[in-house]
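my_file-v8.pdb, holding PDB, C-alpha atoms, pLDDT in the B column:
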```pdb
ATOM      1  CA  MET F  27     -12.385  67.426  -9.537  1.00 49.00           C
ATOM      2  CA  ALA F  28     -10.015  64.461  -9.870  1.00 51.00           C
ATOM      3  CA  GLU F  29     -10.958  61.782 -12.318  1.00 54.00           C
ATOM      4  CA  ARG F  30     -12.235  58.643 -10.596  1.00 55.00           C
ATOM      5  CA  ASN F  31     -10.614  55.415 -11.704  1.00 57.00           C
ATOM      6  CA  PRO F  32     -13.327  52.800 -12.075  1.00 54.00           C
ATOM      7  CA  SER F  33     -12.916  49.568 -10.111  1.00 52.00           C
ATOM      8  CA  PHE F  34     -12.898  46.174 -11.782  1.00 45.00           C
ATOM      9  CA  SER F  35     -16.267  45.316 -10.283  1.00 50.00           C
ATOM     10  CA  ASP F  36     -17.823  48.577 -11.549  1.00 52.00           C
ATOM     11  CA  GLU F  37     -16.490  48.629 -15.138  1.00 54.00           C
ATOM     12  CA  PRO F  38     -14.369  45.541 -15.863  1.00 53.00           C
ATOM     13  CA  LEU F  39     -13.667  46.383 -19.539  1.00 58.00           C
ATOM     14  CA  ASP F  40     -12.513  49.917 -18.751  1.00 59.00           C
ATOM     15  CA  TRP F  41     -10.397  48.626 -15.852  1.00 49.00           C
ATOM     16  CA  ILE F  42      -8.697  46.086 -18.129  1.00 53.00           C
ATOM     17  CA  ARG F  43      -7.919  48.791 -20.729  1.00 60.00           C
ATOM     18  CA  ARG F  44      -6.331  51.000 -18.071  1.00 59.00           C
ATOM     19  CA  HIS F  45      -4.265  48.094 -16.672  1.00 54.00           C
ATOM     20  CA  GLN F  46      -3.433  46.329 -19.921  1.00 64.00           C
ATOM     21  CA  GLU F  47       0.227  45.744 -19.050  1.00 61.00           C
ATOM     22  CA  ARG F  48      -0.565  44.261 -15.667  1.00 61.00           C
ATOM     23  CA  VAL F  49      -3.276  42.048 -17.155  1.00 52.00           C
ATOM     24  CA  THR F  50      -0.850  40.811 -19.810  1.00 61.00           C
ATOM     25  CA  GLN F  51       1.777  39.975 -17.195  1.00 60.00           C
ATOM     26  CA  VAL F  52      -0.737  38.096 -15.071  1.00 60.00           C
ATOM     27  CA  GLY F  53      -2.000  36.214 -18.119  1.00 57.00           C
ATOM     28  CA  ILE F  54       1.500  35.154 -19.070  1.00 59.00           C
ATOM     29  CA  GLY F  55       2.112  33.961 -15.500  1.00 58.00           C
ATOM     30  CA  VAL F  56      -1.089  31.915 -15.479  1.00 58.00           C
ATOM     31  CA  LEU F  57      -0.213  30.338 -18.809  1.00 55.00           C
ATOM     32  CA  ALA F  58       3.294  29.503 -17.559  1.00 52.00           C
ATOM     33  CA  VAL F  59       1.922  27.798 -14.460  1.00 57.00           C
ATOM     34  CA  ALA F  60      -0.590  25.886 -16.582  1.00 56.00           C
ATOM     35  CA  ALA F  61       2.158  24.818 -18.974  1.00 54.00           C
ATOM     36  CA  LEU F  62       4.341  23.598 -16.127  1.00 55.00           C
ATOM     37  CA  GLY F  63       1.400  21.684 -14.665  1.00 58.00           C
ATOM     38  CA  TRP F  64       0.639  20.050 -17.987  1.00 51.00           C
ATOM     39  CA  PHE F  65       4.314  19.158 -18.488  1.00 48.00           C
ATOM     40  CA  GLY F  66       4.483  17.578 -15.007  1.00 52.00           C
ATOM     41  CA  TRP F  67       1.306  15.588 -15.608  1.00 46.00           C
ATOM     42  CA  SER F  68       2.477  14.478 -19.051  1.00 61.00           C
ATOM     43  CA  TRP F  69       5.887  13.422 -17.735  1.00 53.00           C
ATOM     44  CA  GLN F  70       4.312  11.430 -14.891  1.00 64.00           C
ATOM     45  CA  ALA F  71       1.880   9.764 -17.305  1.00 69.00           C
ATOM     46  CA  ARG F  72       4.734   8.708 -19.615  1.00 76.00           C
ATOM     47  CA  LYS F  73       6.736   7.462 -16.630  1.00 81.00           C
ATOM     48  CA  SER F  74       3.786   5.390 -15.362  1.00 80.00           C
ATOM     49  CA  ALA F  75       3.153   3.929 -18.831  1.00 85.00           C
ATOM     50  CA  ALA F  76       6.811   2.962 -19.238  1.00 90.00           C
ATOM     51  CA  ALA F  77       6.831   1.417 -15.753  1.00 87.00           C
ATOM     52  CA  ALA F  78       3.694  -0.619 -16.489  1.00 91.00           C
ATOM     53  CA  ALA F  79       5.210  -1.922 -19.739  1.00 91.00           C
ATOM     54  CA  ALA F  80       8.423  -2.889 -17.943  1.00 92.00           C
ATOM     55  CA  LEU F  81       6.409  -4.657 -15.246  1.00 92.00           C
ATOM     56  CA  ASP F  82       4.515  -6.702 -17.840  1.00 92.00           C
ATOM     57  CA  MET F  83       7.821  -7.741 -19.394  1.00 94.00           C
ATOM     58  CA  ALA F  84       9.288  -8.736 -16.020  1.00 90.00           C
ATOM     59  CA  ARG F  85       6.220 -10.795 -15.176  1.00 92.00           C
ATOM     60  CA  SER F  86       6.447 -12.569 -18.516  1.00 92.00           C
ATOM     61  CA  THR F  87      10.077 -13.376 -17.745  1.00 94.00           C
ATOM     62  CA  ALA F  88       9.060 -14.821 -14.372  1.00 90.00           C
ATOM     63  CA  GLU F  89       6.267 -16.866 -15.935  1.00 90.00           C
ATOM     64  CA  ALA F  90       8.838 -18.310 -18.326  1.00 93.00           C
ATOM     65  CA  ASN F  91      10.611 -19.585 -15.184  1.00 91.00           C
ATOM     66  CA  ASN F  92      13.629 -17.330 -15.718  1.00 93.00           C
ATOM     67  CA  LEU F  93      13.507 -16.116 -12.129  1.00 91.00           C
ATOM     68  CA  SER F  94      17.023 -14.704 -11.988  1.00 92.00           C
ATOM     69  CA  ALA F  95      16.426 -12.405 -14.940  1.00 95.00           C
ATOM     70  CA  ALA F  96      12.967 -11.495 -13.639  1.00 94.00           C
ATOM     71  CA  ALA F  97      14.429 -10.490 -10.271  1.00 95.00           C
ATOM     72  CA  GLY F  98      16.840  -8.141 -12.009  1.00 95.00           C
ATOM     73  CA  GLN F  99      14.032  -6.602 -14.051  1.00 95.00           C
ATOM     74  CA  PHE F 100      11.846  -6.075 -10.982  1.00 95.00           C
ATOM     75  CA  GLN F 101      14.761  -4.401  -9.207  1.00 95.00           C
ATOM     76  CA  GLN F 102      15.305  -2.034 -12.145  1.00 95.00           C
ATOM     77  CA  ILE F 103      11.620  -1.040 -12.077  1.00 95.00           C
ATOM     78  CA  ILE F 104      11.822  -0.280  -8.356  1.00 94.00           C
ATOM     79  CA  GLU F 105      14.887   1.918  -8.815  1.00 93.00           C
ATOM     80  CA  ARG F 106      13.982   3.581 -12.118  1.00 93.00           C
ATOM     81  CA  TYR F 107      10.265   4.209 -11.618  1.00 92.00           C
ATOM     82  CA  LYS F 108      10.059   5.037  -7.931  1.00 90.00           C
ATOM     83  CA  GLY F 109       6.680   6.458  -6.953  1.00 87.00           C
ATOM     84  CA  THR F 110       4.638   4.616  -9.578  1.00 93.00           C
ATOM     85  CA  ASP F 111       2.131   1.837  -8.962  1.00 93.00           C
ATOM     86  CA  ALA F 112       4.316  -0.468 -11.027  1.00 93.00           C
ATOM     87  CA  ALA F 113       7.228   0.085  -8.629  1.00 94.00           C
ATOM     88  CA  GLY F 114       5.070  -0.950  -5.691  1.00 95.00           C
ATOM     89  CA  GLN F 115       3.907  -4.056  -7.532  1.00 95.00           C
ATOM     90  CA  ALA F 116       7.522  -4.810  -8.438  1.00 96.00           C
ATOM     91  CA  VAL F 117       8.487  -4.829  -4.741  1.00 97.00           C
ATOM     92  CA  ILE F 118       5.875  -7.504  -4.056  1.00 96.00           C
ATOM     93  CA  ALA F 119       6.838  -9.533  -7.133  1.00 96.00           C
ATOM     94  CA  LEU F 120      10.584  -9.326  -6.433  1.00 96.00           C
ATOM     95  CA  ASN F 121      10.146 -10.660  -2.928  1.00 96.00           C
ATOM     96  CA  GLN F 122       7.861 -13.421  -4.145  1.00 96.00           C
ATOM     97  CA  VAL F 123      10.711 -14.492  -6.416  1.00 96.00           C
ATOM     98  CA  ARG F 124      13.142 -14.330  -3.519  1.00 96.00           C
ATOM     99  CA  MET F 125      10.906 -16.556  -1.431  1.00 95.00           C
ATOM    100  CA  ILE F 126      10.586 -19.084  -4.259  1.00 94.00           C
ATOM    101  CA  ASN F 127      14.392 -19.140  -4.263  1.00 94.00           C
ATOM    102  CA  GLY F 128      14.461 -19.682  -0.491  1.00 95.00           C
ATOM    103  CA  GLN F 129      15.794 -16.188   0.292  1.00 96.00           C
ATOM    104  CA  PHE F 130      13.419 -15.675   3.211  1.00 97.00           C
ATOM    105  CA  GLU F 131      15.671 -13.458   5.337  1.00 97.00           C
ATOM    106  CA  LEU F 132      16.458 -11.161   2.395  1.00 97.00           C
ATOM    107  CA  ALA F 133      12.770 -10.906   1.541  1.00 97.00           C
ATOM    108  CA  ALA F 134      11.908 -10.041   5.154  1.00 97.00           C
ATOM    109  CA  VAL F 135      14.518  -7.280   5.320  1.00 97.00           C
ATOM    110  CA  ASN F 136      13.377  -5.768   2.019  1.00 97.00           C
ATOM    111  CA  LEU F 137       9.682  -5.945   2.885  1.00 97.00           C
ATOM    112  CA  ARG F 138      10.268  -4.276   6.247  1.00 97.00           C
ATOM    113  CA  SER F 139      12.121  -1.442   4.511  1.00 96.00           C
ATOM    114  CA  PHE F 140       9.253  -1.065   2.051  1.00 97.00           C
ATOM    115  CA  LEU F 141       6.633  -1.022   4.818  1.00 97.00           C
ATOM    116  CA  ALA F 142       8.628   1.652   6.657  1.00 96.00           C
ATOM    117  CA  THR F 143       7.733   4.004   3.773  1.00 94.00           C
ATOM    118  CA  ASP F 144       4.049   3.678   4.766  1.00 94.00           C
ATOM    119  CA  PRO F 145       2.708   2.459   1.411  1.00 95.00           C
ATOM    120  CA  SER F 146      -1.000   2.569   0.626  1.00 94.00           C
ATOM    121  CA  PRO F 147      -3.112  -0.402   1.794  1.00 95.00           C
ATOM    122  CA  ARG F 148      -3.104  -1.643  -1.815  1.00 94.00           C
ATOM    123  CA  PHE F 149       0.551  -2.544  -1.295  1.00 96.00           C
ATOM    124  CA  GLY F 150       0.677  -2.672   2.499  1.00 97.00           C
ATOM    125  CA  ILE F 151      -1.728  -5.608   2.699  1.00 97.00           C
ATOM    126  CA  PRO F 152       0.198  -8.028   0.418  1.00 97.00           C
ATOM    127  CA  ALA F 153       3.548  -6.742   1.745  1.00 97.00           C
ATOM    128  CA  ASN F 154       2.583  -7.544   5.339  1.00 98.00           C
ATOM    129  CA  GLY F 155       1.162 -10.901   4.294  1.00 97.00           C
ATOM    130  CA  LEU F 156       4.319 -11.763   2.387  1.00 97.00           C
ATOM    131  CA  LEU F 157       6.449 -10.571   5.308  1.00 98.00           C
ATOM    132  CA  GLY F 158       4.516 -12.915   7.573  1.00 98.00           C
ATOM    133  CA  ALA F 159       5.226 -15.833   5.250  1.00 97.00           C
ATOM    134  CA  ALA F 160       8.924 -14.901   5.002  1.00 97.00           C
ATOM    135  CA  LEU F 161       9.289 -14.653   8.779  1.00 98.00           C
ATOM    136  CA  GLU F 162       7.405 -17.883   9.347  1.00 97.00           C
ATOM    137  CA  SER F 163       9.586 -19.690   6.810  1.00 96.00           C
ATOM    138  CA  SER F 164      12.758 -18.370   8.443  1.00 96.00           C
ATOM    139  CA  GLY F 165      11.796 -19.524  11.942  1.00 96.00           C
ATOM    140  CA  HIS F 166      10.382 -16.268  13.350  1.00 97.00           C
ATOM    141  CA  ALA F 167       6.816 -17.404  13.907  1.00 97.00           C
ATOM    142  CA  ALA F 168       5.832 -14.897  16.591  1.00 96.00           C
ATOM    143  CA  GLU F 169       6.994 -11.985  14.434  1.00 97.00           C
ATOM    144  CA  ALA F 170       5.116 -13.538  11.524  1.00 97.00           C
ATOM    145  CA  GLY F 171       1.957 -13.437  13.620  1.00 97.00           C
ATOM    146  CA  ALA F 172       2.353  -9.683  14.095  1.00 96.00           C
ATOM    147  CA  ALA F 173       2.841  -9.153  10.345  1.00 97.00           C
ATOM    148  CA  TYR F 174      -0.279 -11.173   9.532  1.00 97.00           C
ATOM    149  CA  ALA F 175      -2.231  -9.176  12.125  1.00 96.00           C
ATOM    150  CA  ASP F 176      -1.064  -5.945  10.471  1.00 96.00           C
ATOM    151  CA  ALA F 177      -2.250  -7.257   7.100  1.00 97.00           C
ATOM    152  CA  SER F 178      -5.647  -7.997   8.641  1.00 97.00           C
ATOM    153  CA  ARG F 179      -5.930  -4.469  10.031  1.00 95.00           C
ATOM    154  CA  LEU F 180      -5.270  -2.948   6.625  1.00 96.00           C
ATOM    155  CA  ALA F 181      -7.610  -5.282   4.718  1.00 96.00           C
ATOM    156  CA  ASP F 182     -11.094  -3.965   3.965  1.00 93.00           C
ATOM    157  CA  LEU F 183     -12.787  -7.231   2.971  1.00 96.00           C
ATOM    158  CA  PRO F 184     -14.098  -9.516   5.740  1.00 96.00           C
ATOM    159  CA  TYR F 185     -12.745 -12.731   4.219  1.00 96.00           C
ATOM    160  CA  LEU F 186      -9.266 -11.198   3.935  1.00 97.00           C
ATOM    161  CA  LYS F 187      -9.355  -9.882   7.493  1.00 97.00           C
ATOM    162  CA  ALA F 188     -10.392 -13.315   8.730  1.00 97.00           C
ATOM    163  CA  ASP F 189      -7.852 -15.190   6.625  1.00 98.00           C
ATOM    164  CA  TYR F 190      -4.932 -13.084   7.865  1.00 97.00           C
ATOM    165  CA  LEU F 191      -6.143 -13.380  11.459  1.00 97.00           C
ATOM    166  CA  LEU F 192      -6.263 -17.164  11.106  1.00 97.00           C
ATOM    167  CA  ARG F 193      -2.691 -17.114   9.792  1.00 98.00           C
ATOM    168  CA  ALA F 194      -1.728 -14.870  12.703  1.00 97.00           C
ATOM    169  CA  GLY F 195      -3.286 -17.295  15.151  1.00 97.00           C
ATOM    170  CA  LYS F 196      -1.446 -20.288  13.705  1.00 97.00           C
ATOM    171  CA  ALA F 197       1.843 -18.382  13.637  1.00 98.00           C
ATOM    172  CA  TYR F 198       1.427 -17.299  17.240  1.00 97.00           C
ATOM    173  CA  ILE F 199       0.796 -20.912  18.237  1.00 97.00           C
ATOM    174  CA  LEU F 200       4.050 -21.933  16.550  1.00 97.00           C
ATOM    175  CA  GLY F 201       5.832 -18.978  18.154  1.00 97.00           C
ATOM    176  CA  GLY F 202       4.770 -19.914  21.677  1.00 96.00           C
ATOM    177  CA  LYS F 203       2.340 -17.002  22.117  1.00 95.00           C
ATOM    178  CA  PRO F 204      -0.921 -18.769  23.109  1.00 94.00           C
ATOM    179  CA  GLU F 205      -2.655 -15.638  24.426  1.00 93.00           C
ATOM    180  CA  LEU F 206      -2.084 -13.756  21.171  1.00 95.00           C
ATOM    181  CA  ALA F 207      -3.100 -16.829  19.174  1.00 95.00           C
ATOM    182  CA  SER F 208      -6.304 -17.057  21.189  1.00 93.00           C
ATOM    183  CA  ALA F 209      -7.056 -13.365  20.576  1.00 93.00           C
ATOM    184  CA  ALA F 210      -6.637 -13.731  16.806  1.00 95.00           C
ATOM    185  CA  LEU F 211      -8.714 -16.916  16.542  1.00 95.00           C
ATOM    186  CA  ASP F 212     -11.350 -15.594  18.936  1.00 93.00           C
ATOM    187  CA  THR F 213     -11.830 -12.552  16.716  1.00 94.00           C
ATOM    188  CA  VAL F 214     -12.349 -14.704  13.619  1.00 95.00           C
ATOM    189  CA  ILE F 215     -15.020 -16.707  15.425  1.00 93.00           C
ATOM    190  CA  THR F 216     -16.926 -13.736  16.846  1.00 92.00           C
ATOM    191  CA  ARG F 217     -16.657 -11.295  13.931  1.00 93.00           C
ATOM    192  CA  TYR F 218     -16.340 -13.371  10.777  1.00 95.00           C
ATOM    193  CA  LYS F 219     -18.726 -16.302  11.092  1.00 93.00           C
ATOM    194  CA  ASP F 220     -19.654 -16.166   7.408  1.00 95.00           C
ATOM    195  CA  THR F 221     -16.102 -16.526   6.081  1.00 96.00           C
ATOM    196  CA  PRO F 222     -14.533 -19.770   4.780  1.00 96.00           C
ATOM    197  CA  VAL F 223     -11.930 -19.871   7.586  1.00 96.00           C
ATOM    198  CA  TYR F 224     -14.468 -19.812  10.428  1.00 95.00           C
ATOM    199  CA  THR F 225     -14.570 -23.587  10.941  1.00 95.00           C
ATOM    200  CA  GLU F 226     -10.793 -23.934  11.064  1.00 96.00           C
ATOM    201  CA  ALA F 227     -10.590 -21.065  13.544  1.00 95.00           C
ATOM    202  CA  VAL F 228     -13.110 -22.852  15.804  1.00 93.00           C
ATOM    203  CA  ILE F 229     -11.078 -26.066  15.684  1.00 93.00           C
ATOM    204  CA  ARG F 230      -7.757 -24.290  16.306  1.00 94.00           C
ATOM    205  CA  LEU F 231      -9.127 -22.319  19.245  1.00 93.00           C
ATOM    206  CA  ALA F 232     -10.749 -25.382  20.783  1.00 92.00           C
ATOM    207  CA  GLU F 233      -7.438 -27.252  20.567  1.00 92.00           C
ATOM    208  CA  LEU F 234      -5.567 -24.297  22.037  1.00 93.00           C
ATOM    209  CA  THR F 235      -7.923 -23.516  24.929  1.00 88.00           C
ATOM    210  CA  LYS F 236      -9.220 -27.024  25.651  1.00 84.00           C
ATOM    211  CA  GLY F 237     -12.719 -26.001  24.619  1.00 71.00           C
ATOM    212  CA  THR F 238     -12.946 -22.623  26.365  1.00 70.00           C
ATOM    213  CA  ALA F 239     -15.628 -20.401  24.821  1.00 64.00           C
ATOM    214  CA  PRO F 240     -14.580 -17.331  22.806  1.00 65.00           C
ATOM    215  CA  LYS F 241     -14.215 -14.169  24.901  1.00 67.00           C
ATOM    216  CA  GLY F 242     -15.669 -11.712  22.407  1.00 64.00           C
ATOM    217  CA  SER F 243     -14.756  -9.631  19.369  1.00 59.00           C
ATOM    218  CA  ASP F 244     -12.708  -7.110  21.386  1.00 60.00           C
ATOM    219  CA  ALA F 245      -9.979  -9.750  21.597  1.00 68.00           C
ATOM    220  CA  VAL F 246      -8.297  -8.318  18.499  1.00 68.00           C
ATOM    221  CA  ALA F 247      -7.359  -5.238  20.490  1.00 69.00           C
ATOM    222  CA  ARG F 248      -4.854  -7.363  22.398  1.00 71.00           C
ATOM    223  CA  LEU F 249      -2.806  -8.070  19.280  1.00 76.00           C
ATOM    224  CA  PRO F 250       0.382  -5.984  19.008  1.00 74.00           C
ATOM    225  CA  GLN F 251       0.780  -3.566  16.124  1.00 74.00           C
ATOM    226  CA  THR F 252       4.116  -3.467  14.346  1.00 72.00           C
ATOM    227  CA  THR F 253       5.978  -0.170  13.999  1.00 61.00           C
ATOM    228  CA  TYR F 254       8.552  -0.192  11.197  1.00 60.00           C
TER     229      TYR F 254
END
```
Here is a file; write its structure as structure tokens.
Amino acid sequence: MAERNPSFSDEPLDWIRRHQERVTQVGIGVLAVAALGWFGWSWQARKSAAAAAALDMARSTAEANNLSAAAGQFQQIIERYKGTDAAGQAVIALNQVRMINGQFELAAVNLRSFLATDPSPRFGIPANGLLGAALESSGHAAEAGAAYADASRLADLPYLKADYLLRAGKAYILGGKPELASAALDTVITRYKDTPVYTEAVIRLAELTKGTAPKGSDAVARLPQTTY
């Protein structure tokens, strides 16, 4: 009668002894994968730490009013530490510096490119808000309204949603888009009564519509959504 080879589930110790070479090979493979994983995590951690330190230095340079040097440092962080949180923060900071220097068109182009990468809301919110300001400052008020509306959609705090919608409404007024302005302001009034911008939204809408009552919170659905 042929000898029965025990299965792993029946006699695990005997099975391991009979398949020692295979077990050793598998163990080495598992250890190699674990080592590679640890190396990748360690490398990413060092990269993130270096990026954060560089960001602190660049911010200190900006606070010292050396904006030209700070802009160069922010740009280096973006290029050298792509994929880190610090790189995302550097994009926002660099374009803030550009706007201080009056480079509104350049800031708008760069922010649109950044938003096309679909960043997380942590960066998408301030990037859209800053894009709105850049467009508004460069004479593109209607486009600024759309950027502010996008920032409001991404925001998760009521006061931020309301604030960006108020900015959108004012930009749309300047851009000759009264229906979109009305939709933004109407939404602030009907959804965000407890926010600090409520009173201004009421005044702006009353001026725009000659006292017409708000149409309801679904008005925000009429606002266009930007596709980068």
The centre and edge lengths of an axis-aligned box containing all atoms of segment 226-236 of chain F present in the file, extended by 5 Å on each side, are to be given in Å to one decimal, as lines of an AutoDock Vina configuration file.
```
center_x = -9.3
center_y = -24.2
center_z = 18.4
size_x = 17.5
size_y = 16.2
size_z = 24.6
```
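Considering the residues F:Ala153, F:Ala142, F:Met125, F:Ala77 and counting only C-alpha atoms, Leu180 of chain F has its shortest atom-to-atom contact with F:Ala153.
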Could you jot down the atom CA of Asn154 of chain F to atom CA of Ala170 of chain F separation for me, Å, one decimal place? 9.0 Å
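Of the residues listed (F:Gly195, F:Gly158, F:Pro250, F:Gly165), F:Gly195 shows the shortest atom-to-atom separation from Leu231 of chain F; distances use all atoms listed in the file.
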What lies within 8 Å of Ile104 of chain F using all atoms listed in the file, ignoring chain neighbours under 6 positions off, as a PyMOL selection string? chain F and resi 112-114+116-117
Once you have the residues from the selection above, write them out as an mmCIF file, in the frame of the given file, restricted to C-alpha atoms.
```
data_model
loop_
_atom_site.group_PDB
_atom_site.id
_atom_site.type_symbol
_atom_site.label_atom_id
_atom_site.label_comp_id
_atom_site.auth_asym_id
_atom_site.auth_seq_id
_atom_site.Cartn_x
_atom_site.Cartn_y
_atom_site.Cartn_z
ATOM 1 C CA ALA F 112 4.316 -0.468 -11.027
ATOM 2 C CA ALA F 113 7.228 0.085 -8.629
ATOM 3 C CA GLY F 114 5.070 -0.950 -5.691
ATOM 4 C CA ALA F 116 7.522 -4.810 -8.438
ATOM 5 C CA VAL F 117 8.487 -4.829 -4.741
#
```
Selection as a VMD selection string: residues within 12 Å of (0.9, -1.2, -1.0), counting all atoms listed in the file: chain F and resid 109 to 119 137 140 to 156 177 180 to 181
Atoms to include: C-alpha atoms. Write the selected residues as a PDB file, in the frame of the given file.
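Once written, again_31.pdb looks like this:
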```pdb
ATOM      1  CA  GLY F 109       6.680   6.458  -6.953  1.00 87.00           C
ATOM      2  CA  THR F 110       4.638   4.616  -9.578  1.00 93.00           C
ATOM      3  CA  ASP F 111       2.131   1.837  -8.962  1.00 93.00           C
ATOM      4  CA  ALA F 112       4.316  -0.468 -11.027  1.00 93.00           C
ATOM      5  CA  ALA F 113       7.228   0.085  -8.629  1.00 94.00           C
ATOM      6  CA  GLY F 114       5.070  -0.950  -5.691  1.00 95.00           C
ATOM      7  CA  GLN F 115       3.907  -4.056  -7.532  1.00 95.00           C
ATOM      8  CA  ALA F 116       7.522  -4.810  -8.438  1.00 96.00           C
ATOM      9  CA  VAL F 117       8.487  -4.829  -4.741  1.00 97.00           C
ATOM     10  CA  ILE F 118       5.875  -7.504  -4.056  1.00 96.00           C
ATOM     11  CA  ALA F 119       6.838  -9.533  -7.133  1.00 96.00           C
ATOM     12  CA  LEU F 137       9.682  -5.945   2.885  1.00 97.00           C
ATOM     13  CA  PHE F 140       9.253  -1.065   2.051  1.00 97.00           C
ATOM     14  CA  LEU F 141       6.633  -1.022   4.818  1.00 97.00           C
ATOM     15  CA  ALA F 142       8.628   1.652   6.657  1.00 96.00           C
ATOM     16  CA  THR F 143       7.733   4.004   3.773  1.00 94.00           C
ATOM     17  CA  ASP F 144       4.049   3.678   4.766  1.00 94.00           C
ATOM     18  CA  PRO F 145       2.708   2.459   1.411  1.00 95.00           C
ATOM     19  CA  SER F 146      -1.000   2.569   0.626  1.00 94.00           C
ATOM     20  CA  PRO F 147      -3.112  -0.402   1.794  1.00 95.00           C
ATOM     21  CA  ARG F 148      -3.104  -1.643  -1.815  1.00 94.00           C
ATOM     22  CA  PHE F 149       0.551  -2.544  -1.295  1.00 96.00           C
ATOM     23  CA  GLY F 150       0.677  -2.672   2.499  1.00 97.00           C
ATOM     24  CA  ILE F 151      -1.728  -5.608   2.699  1.00 97.00           C
ATOM     25  CA  PRO F 152       0.198  -8.028   0.418  1.00 97.00           C
ATOM     26  CA  ALA F 153       3.548  -6.742   1.745  1.00 97.00           C
ATOM     27  CA  ASN F 154       2.583  -7.544   5.339  1.00 98.00           C
ATOM     28  CA  GLY F 155       1.162 -10.901   4.294  1.00 97.00           C
ATOM     29  CA  LEU F 156       4.319 -11.763   2.387  1.00 97.00           C
ATOM     30  CA  ALA F 177      -2.250  -7.257   7.100  1.00 97.00           C
ATOM     31  CA  LEU F 180      -5.270  -2.948   6.625  1.00 96.00           C
ATOM     32  CA  ALA F 181      -7.610  -5.282   4.718  1.00 96.00           C
TER      33      ALA F 181
END
```
Residues in the PyMOL selection byres ((chain F and resi 184-192) around 6), expressed as a ChimeraX atom specification: /F:174-175,178,181,183,193-195,210-211,214,221
Those residues you just picked out, can you put them in a file as a JSON list (two decimals), keeping the file's coordinate frame with C-alpha atoms?
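Here's the written file again-v2.json:
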```
[["chain", "number", "residue", "atom", "x", "y", "z"],
["F", 174, "TYR", "CA", -0.28, -11.17, 9.53],
["F", 175, "ALA", "CA", -2.23, -9.18, 12.12],
["F", 178, "SER", "CA", -5.65, -8.00, 8.64],
["F", 181, "ALA", "CA", -7.61, -5.28, 4.72],
["F", 183, "LEU", "CA", -12.79, -7.23, 2.97],
["F", 193, "ARG", "CA", -2.69, -17.11, 9.79],
["F", 194, "ALA", "CA", -1.73, -14.87, 12.70],
["F", 195, "GLY", "CA", -3.29, -17.30, 15.15],
["F", 210, "ALA", "CA", -6.64, -13.73, 16.81],
["F", 211, "LEU", "CA", -8.71, -16.92, 16.54],
["F", 214, "VAL", "CA", -12.35, -14.70, 13.62],
["F", 221, "THR", "CA", -16.10, -16.53, 6.08]]
```
Long-range neighbours of segment 82-87 of chain F as a ChimeraX atom specification, 12 Å cut-off, all atoms listed in the file, 2 positions minimum in chain: /F:75-80,89-104,112-113,115-120,122-123
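Atom CA of Ser208 of chain F to atom CA of Leu161 of chain F spans 20.1 Å [interatomic distance, one decimal].
In terms of minimum interatomic distance to Ile215 of chain F, F:Ala232 ranks closest within F:Leu157, F:Leu200, F:Ala232, F:Val135, counting only C-alpha atoms.
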Compare F:Arg230, F:Lys196, F:Lys236, F:Arg217 by their minimum atom-to-atom distance to Gly171 of chain F, counting all atoms listed in the file, and give me the closest one. F:Lys196
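Atom to atom, atom CA of Glu105 of chain F and atom CA of Phe130 of chain F stand 21.4 Å apart.
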May I have the residues within 12 Å of Gly128 of chain F as JSON, numbers by chain, using only C-alpha atoms and disregarding those fewer than 6 positions away in the same chain? {"F": [121, 122, 134, 159, 160, 161, 163, 164]}
Can those selected residues be exported to a file as a short mmCIF file (atom, residue, chain, number, x, y, z; two decimals), in the coordinates of the input so that it contains C-alpha atoms?
```cif
data_model
loop_
_atom_site.label_atom_id
_atom_site.label_comp_id
_atom_site.auth_asym_id
_atom_site.auth_seq_id
_atom_site.Cartn_x
_atom_site.Cartn_y
_atom_site.Cartn_z
CA ASN F 121 10.15 -10.66 -2.93
CA GLN F 122 7.86 -13.42 -4.14
CA ALA F 134 11.91 -10.04 5.15
CA ALA F 159 5.23 -15.83 5.25
CA ALA F 160 8.92 -14.90 5.00
CA LEU F 161 9.29 -14.65 8.78
CA SER F 163 9.59 -19.69 6.81
CA SER F 164 12.76 -18.37 8.44
#
```
